[in-house]
file target.cif (mmCIF, C-alpha atoms and all ligand atoms)
data_final
#
loop_
_atom_site.label_atom_id
_atom_site.label_comp_id
_atom_site.auth_asym_id
_atom_site.auth_seq_id
_atom_site.Cartn_x
_atom_site.Cartn_y
_atom_site.Cartn_z
CA MET P 1 -6.96 -7.06 -44.47
CA GLN P 2 -8.51 -3.65 -44.65
CA ARG P 3 -6.83 -1.19 -42.36
CA ARG P 4 -8.90 1.53 -40.81
CA HIS P 5 -7.44 3.92 -38.36
CA ILE P 6 -8.99 5.36 -35.32
CA GLU P 7 -8.04 8.80 -36.63
CA ARG P 8 -11.02 8.54 -38.92
CA LEU P 9 -13.30 8.65 -35.94
CA SER P 10 -14.64 11.93 -34.75
CA GLU P 11 -12.93 13.70 -31.89
CA SER P 12 -15.81 12.88 -29.53
CA ASP P 13 -15.68 9.18 -30.44
CA ARG P 14 -11.98 9.17 -29.72
CA LYS P 15 -12.57 10.76 -26.37
CA ASP P 16 -15.16 8.11 -25.56
CA ILE P 17 -12.73 5.33 -26.44
CA LEU P 18 -10.05 6.89 -24.29
CA LYS P 19 -12.49 7.09 -21.42
CA GLU P 20 -13.50 3.48 -21.89
CA VAL P 21 -9.90 2.33 -22.08
CA SER P 22 -8.88 4.30 -19.05
CA LYS P 23 -11.73 2.94 -16.94
CA ARG P 24 -10.37 -0.55 -17.39
CA LEU P 25 -6.83 0.30 -16.42
CA ASP P 26 -5.26 0.56 -13.03
CA LEU P 27 -4.31 4.01 -11.87
CA SER P 28 -0.71 4.08 -13.04
CA THR P 29 -1.52 2.82 -16.50
CA ARG P 30 -4.45 5.19 -16.74
CA ARG P 31 -2.23 8.21 -16.21
CA LEU P 32 0.16 7.01 -18.86
CA PHE P 33 -2.62 6.36 -21.33
CA LEU P 34 -4.41 9.61 -20.79
CA LYS P 35 -1.23 11.57 -21.16
CA GLY P 36 0.31 9.61 -23.99
CA PHE P 37 -2.70 8.74 -26.04
CA ALA P 38 -4.48 12.00 -25.54
CA SER P 39 -1.50 13.96 -26.77
CA LEU P 40 -0.54 11.76 -29.67
CA GLY P 41 -3.73 10.09 -30.73
CA SER P 42 -1.71 6.92 -30.47
CA LEU P 43 -4.71 4.66 -30.25
CA THR P 44 -3.73 3.71 -33.76
CA LEU P 45 -0.94 1.74 -32.22
CA LEU P 46 -3.38 -0.62 -30.65
CA THR P 47 -5.56 -0.94 -33.68
CA GLY P 48 -3.26 -1.59 -36.61
CA CYS P 49 -3.10 -5.10 -38.07
CA ASP P 50 0.51 -5.31 -36.96
CA VAL P 51 -0.42 -4.97 -33.34
CA VAL P 52 -3.52 -7.09 -33.10
CA ASP P 53 -3.49 -9.25 -36.18
CA GLY P 54 -5.18 -12.01 -34.26
CA LEU P 55 -8.41 -10.11 -34.41
CA SER P 56 -10.19 -8.95 -37.48
CA THR P 57 -9.43 -5.27 -37.92
CA GLU P 58 -12.65 -4.97 -39.81
CA ARG P 59 -14.66 -6.30 -36.92
CA MET P 60 -12.60 -4.44 -34.39
CA LEU P 61 -12.84 -1.02 -35.94
CA GLY P 62 -16.16 -1.51 -37.69
CA ASN P 63 -17.75 0.38 -34.88
CA VAL P 64 -16.62 1.83 -31.64
CA SER P 65 -18.50 -0.48 -29.33
CA ASP P 66 -17.13 -3.57 -31.06
CA PHE P 67 -13.67 -2.15 -30.61
CA ASN P 68 -14.39 -1.59 -26.95
CA ASP P 69 -15.69 -5.07 -26.32
CA ARG P 70 -13.20 -7.12 -28.22
CA VAL P 71 -9.92 -5.30 -28.03
CA GLN P 72 -10.15 -3.87 -24.60
CA ALA P 73 -11.51 -7.01 -23.03
CA TRP P 74 -8.65 -8.90 -24.55
CA LEU P 75 -5.99 -6.38 -23.62
CA PHE P 76 -7.09 -5.08 -20.30
CA ASN P 77 -9.63 -7.27 -18.57
CA PRO P 78 -7.76 -9.16 -15.85
CA ALA P 79 -10.25 -12.01 -16.04
CA ALA P 80 -9.81 -12.61 -19.76
CA MET P 81 -7.19 -14.96 -21.13
CA ALA P 82 -4.60 -13.62 -23.53
CA ARG P 83 -4.42 -15.45 -26.83
CA GLU P 84 -1.76 -18.14 -27.13
CA TYR P 85 0.05 -18.83 -30.40
CA PRO P 86 1.77 -21.74 -32.13
CA GLU P 87 5.58 -22.05 -32.26
CA SER P 88 5.52 -20.93 -35.89
CA ALA P 89 4.24 -17.49 -34.84
CA ILE P 90 7.25 -16.65 -32.64
CA THR P 91 9.02 -13.42 -33.63
CA ARG P 92 12.73 -13.98 -34.13
CA PRO P 93 14.75 -12.05 -33.29
CA PHE P 94 12.55 -10.74 -30.53
CA PRO P 95 12.82 -6.96 -30.05
CA PHE P 96 14.69 -5.47 -27.13
CA ASN P 97 13.47 -2.41 -25.25
CA SER P 98 14.56 -0.52 -22.15
CA PHE P 99 13.91 2.73 -20.36
CA TYR P 100 17.58 3.65 -20.28
CA THR P 101 19.38 5.47 -23.04
CA PRO P 102 20.91 4.42 -25.22
CA ASN P 103 18.36 1.69 -25.69
CA SER P 104 20.96 -1.03 -25.85
CA PRO P 105 21.09 -4.65 -24.62
CA ASP P 106 24.72 -4.00 -23.64
CA LYS P 107 23.47 -1.68 -20.93
CA SER P 108 21.28 -4.38 -19.37
CA PRO P 109 22.28 -5.26 -15.83
CA ASP P 110 24.74 -8.13 -15.55
CA VAL P 111 23.31 -10.13 -12.66
CA ASP P 112 25.29 -12.95 -11.06
CA GLY P 113 22.81 -15.82 -10.84
CA SER P 114 24.98 -17.86 -8.45
CA THR P 115 24.68 -15.32 -5.65
CA PHE P 116 21.31 -13.88 -6.63
CA LYS P 117 18.54 -13.74 -4.01
CA LEU P 118 15.04 -12.53 -4.73
CA GLU P 119 13.92 -10.21 -1.94
CA ILE P 120 10.37 -10.29 -0.63
CA THR P 121 8.87 -7.48 1.41
CA GLY P 122 5.46 -6.45 2.63
CA MET P 123 2.37 -8.57 3.19
CA ALA P 124 3.69 -12.14 3.07
CA VAL P 125 4.15 -14.76 5.77
CA ASP P 126 7.50 -16.12 4.53
CA LYS P 127 9.90 -13.39 3.44
CA THR P 128 12.96 -15.61 3.14
CA PRO P 129 14.95 -14.49 0.07
CA TRP P 130 14.84 -17.05 -2.76
CA SER P 131 17.84 -18.37 -4.65
CA LEU P 132 17.44 -19.03 -8.37
CA ASP P 133 17.76 -22.78 -7.84
CA ARG P 134 14.95 -22.81 -5.34
CA LEU P 135 12.70 -20.69 -7.55
CA GLN P 136 13.35 -22.87 -10.57
CA ALA P 137 12.52 -26.03 -8.64
CA LEU P 138 8.88 -24.91 -8.54
CA PRO P 139 6.61 -26.38 -11.26
CA GLN P 140 6.99 -24.51 -14.53
CA PHE P 141 4.95 -24.07 -17.69
CA THR P 142 5.50 -22.57 -21.12
CA GLN P 143 3.35 -20.14 -23.03
CA ILE P 144 3.56 -18.35 -26.37
CA THR P 145 1.91 -14.94 -26.22
CA ARG P 146 2.04 -11.50 -27.73
CA HIS P 147 3.94 -8.67 -26.10
CA ILE P 148 2.61 -5.23 -27.00
CA CYS P 149 4.66 -2.10 -26.41
CA ILE P 150 2.78 1.16 -26.62
CA GLU P 151 5.75 2.63 -28.42
CA GLY P 152 4.20 0.97 -31.40
CA TRP P 153 5.53 -2.53 -31.83
CA SER P 154 4.39 -5.97 -30.87
CA ALA P 155 6.02 -9.37 -31.02
CA ILE P 156 5.21 -12.96 -30.13
CA GLY P 157 7.49 -14.71 -27.70
CA LYS P 158 7.78 -17.95 -25.77
CA TRP P 159 8.40 -17.81 -22.05
CA THR P 160 8.80 -20.55 -19.47
CA GLY P 161 8.50 -20.14 -15.75
CA VAL P 162 6.46 -20.46 -12.60
CA ARG P 163 2.83 -19.43 -12.34
CA PHE P 164 3.14 -16.27 -10.29
CA ARG P 165 -0.01 -17.20 -8.39
CA ASP P 166 1.71 -20.40 -7.19
CA PHE P 167 4.69 -18.41 -6.03
CA LEU P 168 2.45 -16.02 -4.10
CA THR P 169 0.82 -19.01 -2.44
CA ARG P 170 4.23 -20.44 -1.50
CA ILE P 171 5.28 -17.27 0.30
CA GLY P 172 1.93 -16.90 2.02
CA ALA P 173 1.20 -13.61 0.30
CA ASP P 174 -1.87 -11.76 1.51
CA THR P 175 -3.88 -11.84 -1.70
CA SER P 176 -6.28 -9.26 -0.34
CA ALA P 177 -3.49 -6.71 -0.77
CA LYS P 178 -4.03 -4.29 -3.63
CA TYR P 179 -0.66 -4.21 -5.35
CA VAL P 180 2.42 -6.19 -6.17
CA THR P 181 5.45 -4.04 -6.88
CA PHE P 182 8.57 -5.14 -8.76
CA ARG P 183 11.95 -3.53 -8.19
CA CYS P 184 14.49 -4.33 -10.83
CA SER P 185 18.30 -4.43 -10.99
CA ASP P 186 18.33 -1.57 -13.48
CA ASN P 187 16.23 0.51 -11.05
CA TYR P 188 13.13 0.06 -13.15
CA ILE P 189 9.96 -0.21 -11.10
CA THR P 190 6.46 -1.23 -11.96
CA SER P 191 3.45 -2.46 -10.04
CA ILE P 192 0.38 -4.51 -10.89
CA ASP P 193 -3.01 -5.08 -9.33
CA MET P 194 -3.62 -8.28 -7.37
CA PRO P 195 -6.16 -9.77 -9.87
CA THR P 196 -3.47 -9.53 -12.54
CA ALA P 197 -0.87 -11.02 -10.20
CA LEU P 198 -3.19 -13.99 -9.65
CA HIS P 199 -4.08 -14.37 -13.34
CA ALA P 200 -3.39 -17.88 -14.64
CA GLN P 201 -1.11 -16.58 -17.41
CA THR P 202 0.98 -14.27 -15.24
CA GLN P 203 4.35 -15.95 -15.10
CA LEU P 204 7.64 -15.49 -13.30
CA SER P 205 9.76 -16.35 -16.32
CA PHE P 206 13.23 -17.93 -16.33
CA LYS P 207 13.49 -18.91 -19.98
CA PHE P 208 12.92 -17.25 -23.31
CA ASP P 209 12.51 -19.45 -26.36
CA ASP P 210 13.75 -22.48 -24.37
CA GLU P 211 17.00 -20.76 -23.39
CA ILE P 212 17.97 -19.39 -19.98
CA LEU P 213 16.49 -15.88 -20.05
CA PRO P 214 19.12 -13.86 -21.93
CA ARG P 215 20.49 -10.80 -20.20
CA ARG P 216 18.74 -8.45 -22.61
CA TYR P 217 15.36 -10.05 -21.93
CA GLY P 218 15.59 -9.78 -18.18
CA TYR P 219 17.98 -12.28 -16.59
CA PRO P 220 17.60 -13.74 -14.04
CA MET P 221 13.84 -13.41 -14.25
CA LYS P 222 11.04 -11.28 -15.59
CA LEU P 223 7.33 -11.15 -14.99
CA ARG P 224 5.44 -12.07 -18.11
CA VAL P 225 1.97 -10.53 -18.06
CA PRO P 226 0.34 -11.19 -21.42
CA THR P 227 -2.84 -9.38 -20.38
CA LYS P 228 -0.94 -6.13 -19.91
CA LEU P 229 1.20 -3.89 -22.05
CA GLY P 230 4.96 -4.33 -22.29
CA PHE P 231 5.99 -1.83 -19.68
CA LYS P 232 4.00 -3.81 -17.09
CA ASN P 233 6.39 -6.75 -17.70
CA PRO P 234 9.38 -6.04 -15.44
CA LYS P 235 12.74 -7.55 -16.41
CA HIS P 236 15.70 -8.24 -14.06
CA ILE P 237 13.41 -8.52 -11.05
CA ALA P 238 15.36 -8.15 -7.80
CA GLY P 239 12.61 -7.57 -5.28
CA ILE P 240 8.89 -8.14 -4.90
CA GLU P 241 6.72 -6.19 -2.52
CA ILE P 242 3.12 -6.94 -1.61
CA GLY P 243 1.11 -4.07 -0.17
CA ASN P 244 -1.81 -1.70 -0.21
CA GLU P 245 0.13 1.43 -0.91
CA PHE P 246 0.15 2.63 -4.47
CA THR P 247 3.72 2.48 -5.72
CA GLY P 248 3.26 3.43 -9.36
CA GLY P 249 6.19 2.77 -11.60
CA TYR P 250 9.10 4.19 -13.50
CA TRP P 251 7.07 5.99 -16.12
CA GLU P 252 4.91 7.63 -13.51
CA THR P 253 7.87 8.82 -11.50
CA TYR P 254 10.10 10.09 -14.25
CA GLY P 255 7.65 11.18 -16.91
CA TYR P 256 6.94 9.83 -20.32
CA ASN P 257 9.99 10.85 -22.26
CA TRP P 258 9.85 8.16 -24.81
CA PHE P 259 6.64 9.54 -26.18
CA SER P 260 8.45 12.66 -27.34
CA GLY P 261 8.54 12.99 -31.08
CA SER P 262 7.45 9.46 -31.88
N1 LIG P 301 13.75 -3.83 -15.72
C1 LIG P 301 13.14 -3.36 -16.82
N2 LIG P 301 11.99 -3.94 -17.21
C2 LIG P 301 11.35 -3.48 -18.31
C3 LIG P 301 11.82 -2.37 -19.04
C4 LIG P 301 13.04 -1.78 -18.60
O1 LIG P 301 13.56 -0.82 -19.18
N3 LIG P 301 13.66 -2.31 -17.47
N4 LIG P 301 11.13 -1.91 -20.14
C5 LIG P 301 9.73 -2.33 -20.30
C6 LIG P 301 9.20 -2.11 -21.63
S1 LIG P 301 8.61 -0.57 -21.99
C7 LIG P 301 9.11 -3.14 -22.54
S2 LIG P 301 8.36 -2.93 -24.06
C8 LIG P 301 9.65 -4.48 -22.24
C9 LIG P 301 10.69 -4.89 -23.28
O2 LIG P 301 11.05 -6.23 -23.10
P1 LIG P 301 11.98 -6.98 -24.14
O3 LIG P 301 13.32 -6.28 -24.14
O4 LIG P 301 12.04 -8.38 -23.70
O5 LIG P 301 11.32 -6.84 -25.48
O6 LIG P 301 10.23 -4.56 -20.96
C10 LIG P 301 9.58 -3.80 -19.96
N5 LIG P 301 10.21 -4.11 -18.69
MO MO P 302 7.32 -0.88 -23.85
#

call {"tool": "encode", "arguments": {"input": "target.cif", "output": "structure tokens"}}
result
Amino acid sequence: MQRRHIERLSESDRKDILKEVSKRLDLSTRRLFLKGFASLGSLTLLTGCDVVDGLSTERMLGNVSDFNDRVQAWLFNPAAMAREYPESAITRPFPFNSFYTPNSPDKSPDVDGSTFKLEITGMAVDKTPWSLDRLQALPQFTQITRHICIEGWSAIGKWTGVRFRDFLTRIGADTSAKYVTFRCSDNYITSIDMPTALHAQTQLSFKFDDEILPRRYGYPMKLRVPTKLGFKNPKHIAGIEIGNEFTGGYWETYGYNWFSGS
């Protein structure tokens, strides 16, 4: 497959793409993109065969508008479905990533599932904390999708869990609220827009590759959002908040250190 990089585009074309990308993103992601991509020209990350091999690079980068339509709609449009893959496409071993240094699975929080309770705050009728057993008794489904990290890698994984939309219905969440925020046991925070929270593929995941979600991948649960980039997929979720106040996320609060030098 021919590989053409966005660097070959003129500076003004690049700026136009950035603008287009950023328009489709929610506020927190937009800041990250403008800062990270503008400084590094990292759009290449999203356009290499490695990252989006499911699409023809030729078609995608053949011209700017084609890139806009196909790639961005697929990556960022909350109404679009993320591509699903066959079992044979699963990346094994699946990469690990974290915001803490050193970037090591051994540093992942060690959560005791037997006493664990998922906290719910904000705009929901029923804020009773949920035990793992009760959560896992809800109907579950499995999907194989691609996880894309803007640090420059992507991998295909298989997650099983509850449709997040169903969970929101169960707790009587006010779906007119703007944001759903996730607070994690490792103090990571991220938030997503309500359309994404209600997306059919957004999953509260309890299993990875048919195994109880390993500690490194977010035990006891993560939110799998295949229509968003990796950092919008919180692991080790401890609390969920529904509200109208913009809560941002870890990267917005602490800066974008991991962009340095890469
Ligand atoms: N709680 C928590 N969730 C997190 C992170 C983290 O450091 N802590 N890192 C994010 C980023 S940047 C990525 S790429 C993915 C990595 O998930 P993985 O280890 O399953 O590949 O988790 C996301 N969710
Ligand atoms: Mo990431």

call {"tool": "residues_around", "arguments": {"input": "target.cif", "residues": "Pro220 in chain P", "least_positions_apart": "5", "cutoff": "7 Å", "atoms": "all atoms listed in the file", "output": "VMD selection string"}}
result
chain P and resid 111 113 206 213 236

call {"tool": "residues_near_ligand", "arguments": {"input": "target.cif", "ligand": "ligand MO 302 (chain P)", "cutoff": "9 Å", "atoms": "all atoms listed in the file", "output": "PyMOL selection string"}}
result
chain P and resi 97-99+147-153+229-233

call {"tool": "closest_atom_pairs", "arguments": {"input": "target.cif", "of": "range 156-236 of chain P", "to": "range 119-122 of chain P", "cutoff": "10 Å", "atoms": "all atoms listed in the file", "output": "JSON lines"}}
result
{"residue": "P:Ile171", "atom": "CA", "partner": "P:Ile120", "partner_atom": "CA", "distance": 8.7}
{"residue": "P:Ala173", "atom": "CA", "partner": "P:Gly122", "partner_atom": "CA", "distance": 8.7}
{"residue": "P:Asp174", "atom": "CA", "partner": "P:Gly122", "partner_atom": "CA", "distance": 9.1}
{"residue": "P:Ala177", "atom": "CA", "partner": "P:Gly122", "partner_atom": "CA", "distance": 9.6}
{"residue": "P:Val180", "atom": "CA", "partner": "P:Gly122", "partner_atom": "CA", "distance": 9.3}
{"residue": "P:Thr181", "atom": "CA", "partner": "P:Thr121", "partner_atom": "CA", "distance": 9.6}
{"residue": "P:Phe182", "atom": "CA", "partner": "P:Ile120", "partner_atom": "CA", "distance": 9.8}
{"residue": "P:Arg183", "atom": "CA", "partner": "P:Glu119", "partner_atom": "CA", "distance": 9.4}

call {"tool": "axis_aligned_box", "arguments": {"input": "target.cif", "around": "ligand LIG 301 (chain P)", "padding_each_side": "4 Å", "output": "lines of an AutoDock Vina configuration file"}}
result
center_x = 11.1
center_y = -4.5
center_z = -20.6
size_x = 13.4
size_y = 15.8
size_z = 17.8

call {"tool": "atom_distance", "arguments": {"input": "target.cif", "atom1": "CA of Arg165 in chain P", "atom2": "CA of Thr202 in chain P"}}
result
7.5 Å

call {"tool": "atom_distance", "arguments": {"input": "target.cif", "atom1": "CA of Ile189 in chain P", "atom2": "CA of Tyr217 in chain P"}}
result
15.6 Å

call {"tool": "atom_distance", "arguments": {"input": "target.cif", "atom1": "CA of Leu198 in chain P", "atom2": "CA of Lys228 in chain P"}}
result
13.1 Å

call {"tool": "closest_residue", "arguments": {"input": "target.cif", "among": "P:Phe246, P:Phe141, P:Phe167, P:Trp159", "to": "ligand LIG 301 (chain P)", "atoms": "all atoms listed in the file"}}
result
P:Trp159

call {"tool": "decode", "arguments": {"input": "target.cif", "residues": "range 199-237 of chain P", "atoms": "N, CA and C atoms", "output": "mmCIF file, in the first residue's frame"}}
result
data_model
loop_
_atom_site.group_PDB
_atom_site.id
_atom_site.type_symbol
_atom_site.label_atom_id
_atom_site.label_comp_id
_atom_site.auth_asym_id
_atom_site.auth_seq_id
_atom_site.Cartn_x
_atom_site.Cartn_y
_atom_site.Cartn_z
ATOM 1 N N HIS P 199 -23.830 6.120 22.467
ATOM 2 C CA HIS P 199 -23.488 5.417 21.219
ATOM 3 C C HIS P 199 -23.590 3.897 21.436
ATOM 4 N N ALA P 200 -24.106 3.212 20.421
ATOM 5 C CA ALA P 200 -24.373 1.769 20.557
ATOM 6 C C ALA P 200 -23.123 0.947 20.849
ATOM 7 N N GLN P 201 -21.945 1.467 20.462
ATOM 8 C CA GLN P 201 -20.719 0.688 20.682
ATOM 9 C C GLN P 201 -19.976 1.096 21.949
ATOM 10 N N THR P 202 -20.472 2.082 22.649
ATOM 11 C CA THR P 202 -19.808 2.491 23.890
ATOM 12 C C THR P 202 -20.160 1.491 24.991
ATOM 13 N N GLN P 203 -19.125 0.882 25.538
ATOM 14 C CA GLN P 203 -19.318 -0.293 26.396
ATOM 15 C C GLN P 203 -18.604 -0.156 27.735
ATOM 16 N N LEU P 204 -19.313 -0.525 28.783
ATOM 17 C CA LEU P 204 -18.694 -0.655 30.100
ATOM 18 C C LEU P 204 -18.136 -2.078 30.133
ATOM 19 N N SER P 205 -16.832 -2.188 30.022
ATOM 20 C CA SER P 205 -16.220 -3.492 29.720
ATOM 21 C C SER P 205 -15.683 -4.185 30.961
ATOM 22 N N PHE P 206 -15.979 -5.488 31.062
ATOM 23 C CA PHE P 206 -15.524 -6.298 32.200
ATOM 24 C C PHE P 206 -14.557 -7.393 31.782
ATOM 25 N N LYS P 207 -14.459 -7.604 30.473
ATOM 26 C CA LYS P 207 -13.576 -8.662 29.987
ATOM 27 C C LYS P 207 -12.738 -8.151 28.840
ATOM 28 N N PHE P 208 -11.515 -8.659 28.771
ATOM 29 C CA PHE P 208 -10.667 -8.422 27.604
ATOM 30 C C PHE P 208 -10.248 -9.770 27.059
ATOM 31 N N ASP P 209 -10.510 -9.977 25.785
ATOM 32 C CA ASP P 209 -10.148 -11.239 25.130
ATOM 33 C C ASP P 209 -10.682 -12.440 25.919
ATOM 34 N N ASP P 210 -11.921 -12.351 26.325
ATOM 35 C CA ASP P 210 -12.660 -13.409 27.027
ATOM 36 C C ASP P 210 -12.191 -13.690 28.452
ATOM 37 N N GLU P 211 -11.247 -12.901 28.942
ATOM 38 C CA GLU P 211 -10.775 -13.074 30.322
ATOM 39 C C GLU P 211 -11.277 -11.906 31.161
ATOM 40 N N ILE P 212 -11.455 -12.141 32.461
ATOM 41 C CA ILE P 212 -11.762 -11.029 33.363
ATOM 42 C C ILE P 212 -10.741 -9.938 33.090
ATOM 43 N N LEU P 213 -11.205 -8.717 32.935
ATOM 44 C CA LEU P 213 -10.340 -7.594 32.557
ATOM 45 C C LEU P 213 -9.067 -7.611 33.408
ATOM 46 N N PRO P 214 -7.912 -7.862 32.793
ATOM 47 C CA PRO P 214 -6.684 -7.896 33.580
ATOM 48 C C PRO P 214 -6.420 -6.530 34.206
ATOM 49 N N ARG P 215 -5.688 -6.578 35.314
ATOM 50 C CA ARG P 215 -5.380 -5.348 36.040
ATOM 51 C C ARG P 215 -4.810 -4.281 35.121
ATOM 52 N N ARG P 216 -3.877 -4.662 34.288
ATOM 53 C CA ARG P 216 -3.224 -3.668 33.419
ATOM 54 C C ARG P 216 -4.179 -3.015 32.437
ATOM 55 N N TYR P 217 -5.252 -3.725 32.071
ATOM 56 C CA TYR P 217 -6.192 -3.176 31.089
ATOM 57 C C TYR P 217 -7.414 -2.531 31.735
ATOM 58 N N GLY P 218 -7.372 -2.391 33.071
ATOM 59 C CA GLY P 218 -8.401 -1.558 33.682
ATOM 60 C C GLY P 218 -9.326 -2.194 34.690
ATOM 61 N N TYR P 219 -8.953 -3.353 35.255
ATOM 62 C CA TYR P 219 -9.804 -3.978 36.259
ATOM 63 C C TYR P 219 -10.245 -2.950 37.313
ATOM 64 N N PRO P 220 -11.487 -2.959 37.775
ATOM 65 C CA PRO P 220 -12.521 -3.946 37.444
ATOM 66 C C PRO P 220 -13.338 -3.608 36.199
ATOM 67 N N MET P 221 -13.224 -2.389 35.697
ATOM 68 C CA MET P 221 -13.950 -2.102 34.459
ATOM 69 C C MET P 221 -13.345 -0.894 33.773
ATOM 70 N N LYS P 222 -13.520 -0.876 32.462
ATOM 71 C CA LYS P 222 -13.109 0.299 31.686
ATOM 72 C C LYS P 222 -14.259 0.701 30.788
ATOM 73 N N LEU P 223 -14.199 1.901 30.260
ATOM 74 C CA LEU P 223 -15.168 2.289 29.245
ATOM 75 C C LEU P 223 -14.485 2.143 27.892
ATOM 76 N N ARG P 224 -15.073 1.321 27.063
ATOM 77 C CA ARG P 224 -14.538 1.130 25.719
ATOM 78 C C ARG P 224 -15.341 2.011 24.767
ATOM 79 N N VAL P 225 -14.647 2.961 24.156
ATOM 80 C CA VAL P 225 -15.289 3.915 23.247
ATOM 81 C C VAL P 225 -14.566 3.837 21.910
ATOM 82 N N PRO P 226 -14.989 2.938 21.032
ATOM 83 C CA PRO P 226 -14.222 2.751 19.795
ATOM 84 C C PRO P 226 -14.312 3.926 18.834
ATOM 85 N N THR P 227 -15.222 4.847 19.070
ATOM 86 C CA THR P 227 -15.327 6.026 18.207
ATOM 87 C C THR P 227 -14.438 7.173 18.686
ATOM 88 N N LYS P 228 -13.711 6.928 19.757
ATOM 89 C CA LYS P 228 -12.833 7.980 20.298
ATOM 90 C C LYS P 228 -11.420 7.437 20.458
ATOM 91 N N LEU P 229 -10.492 8.356 20.629
ATOM 92 C CA LEU P 229 -9.105 7.968 20.812
ATOM 93 C C LEU P 229 -8.886 7.326 22.178
ATOM 94 N N GLY P 230 -7.743 6.665 22.305
ATOM 95 C CA GLY P 230 -7.446 5.854 23.490
ATOM 96 C C GLY P 230 -7.604 6.562 24.820
ATOM 97 N N PHE P 231 -7.190 7.795 24.883
ATOM 98 C CA PHE P 231 -7.216 8.458 26.194
ATOM 99 C C PHE P 231 -8.631 8.780 26.656
ATOM 100 N N LYS P 232 -9.602 8.633 25.761
ATOM 101 C CA LYS P 232 -11.017 8.790 26.116
ATOM 102 C C LYS P 232 -11.624 7.452 26.553
ATOM 103 N N ASN P 233 -10.782 6.476 26.839
ATOM 104 C CA ASN P 233 -11.225 5.135 27.250
ATOM 105 C C ASN P 233 -10.728 4.867 28.670
ATOM 106 N N PRO P 234 -11.418 5.394 29.687
ATOM 107 C CA PRO P 234 -10.904 5.293 31.052
ATOM 108 C C PRO P 234 -10.869 3.849 31.563
ATOM 109 N N LYS P 235 -9.746 3.518 32.208
ATOM 110 C CA LYS P 235 -9.587 2.211 32.852
ATOM 111 C C LYS P 235 -9.815 2.382 34.351
ATOM 112 N N HIS P 236 -9.994 1.262 35.066
ATOM 113 C CA HIS P 236 -10.158 1.287 36.539
ATOM 114 C C HIS P 236 -11.207 2.304 36.978
ATOM 115 N N ILE P 237 -12.355 2.297 36.326
ATOM 116 C CA ILE P 237 -13.378 3.290 36.670
ATOM 117 C C ILE P 237 -13.874 3.041 38.102
#
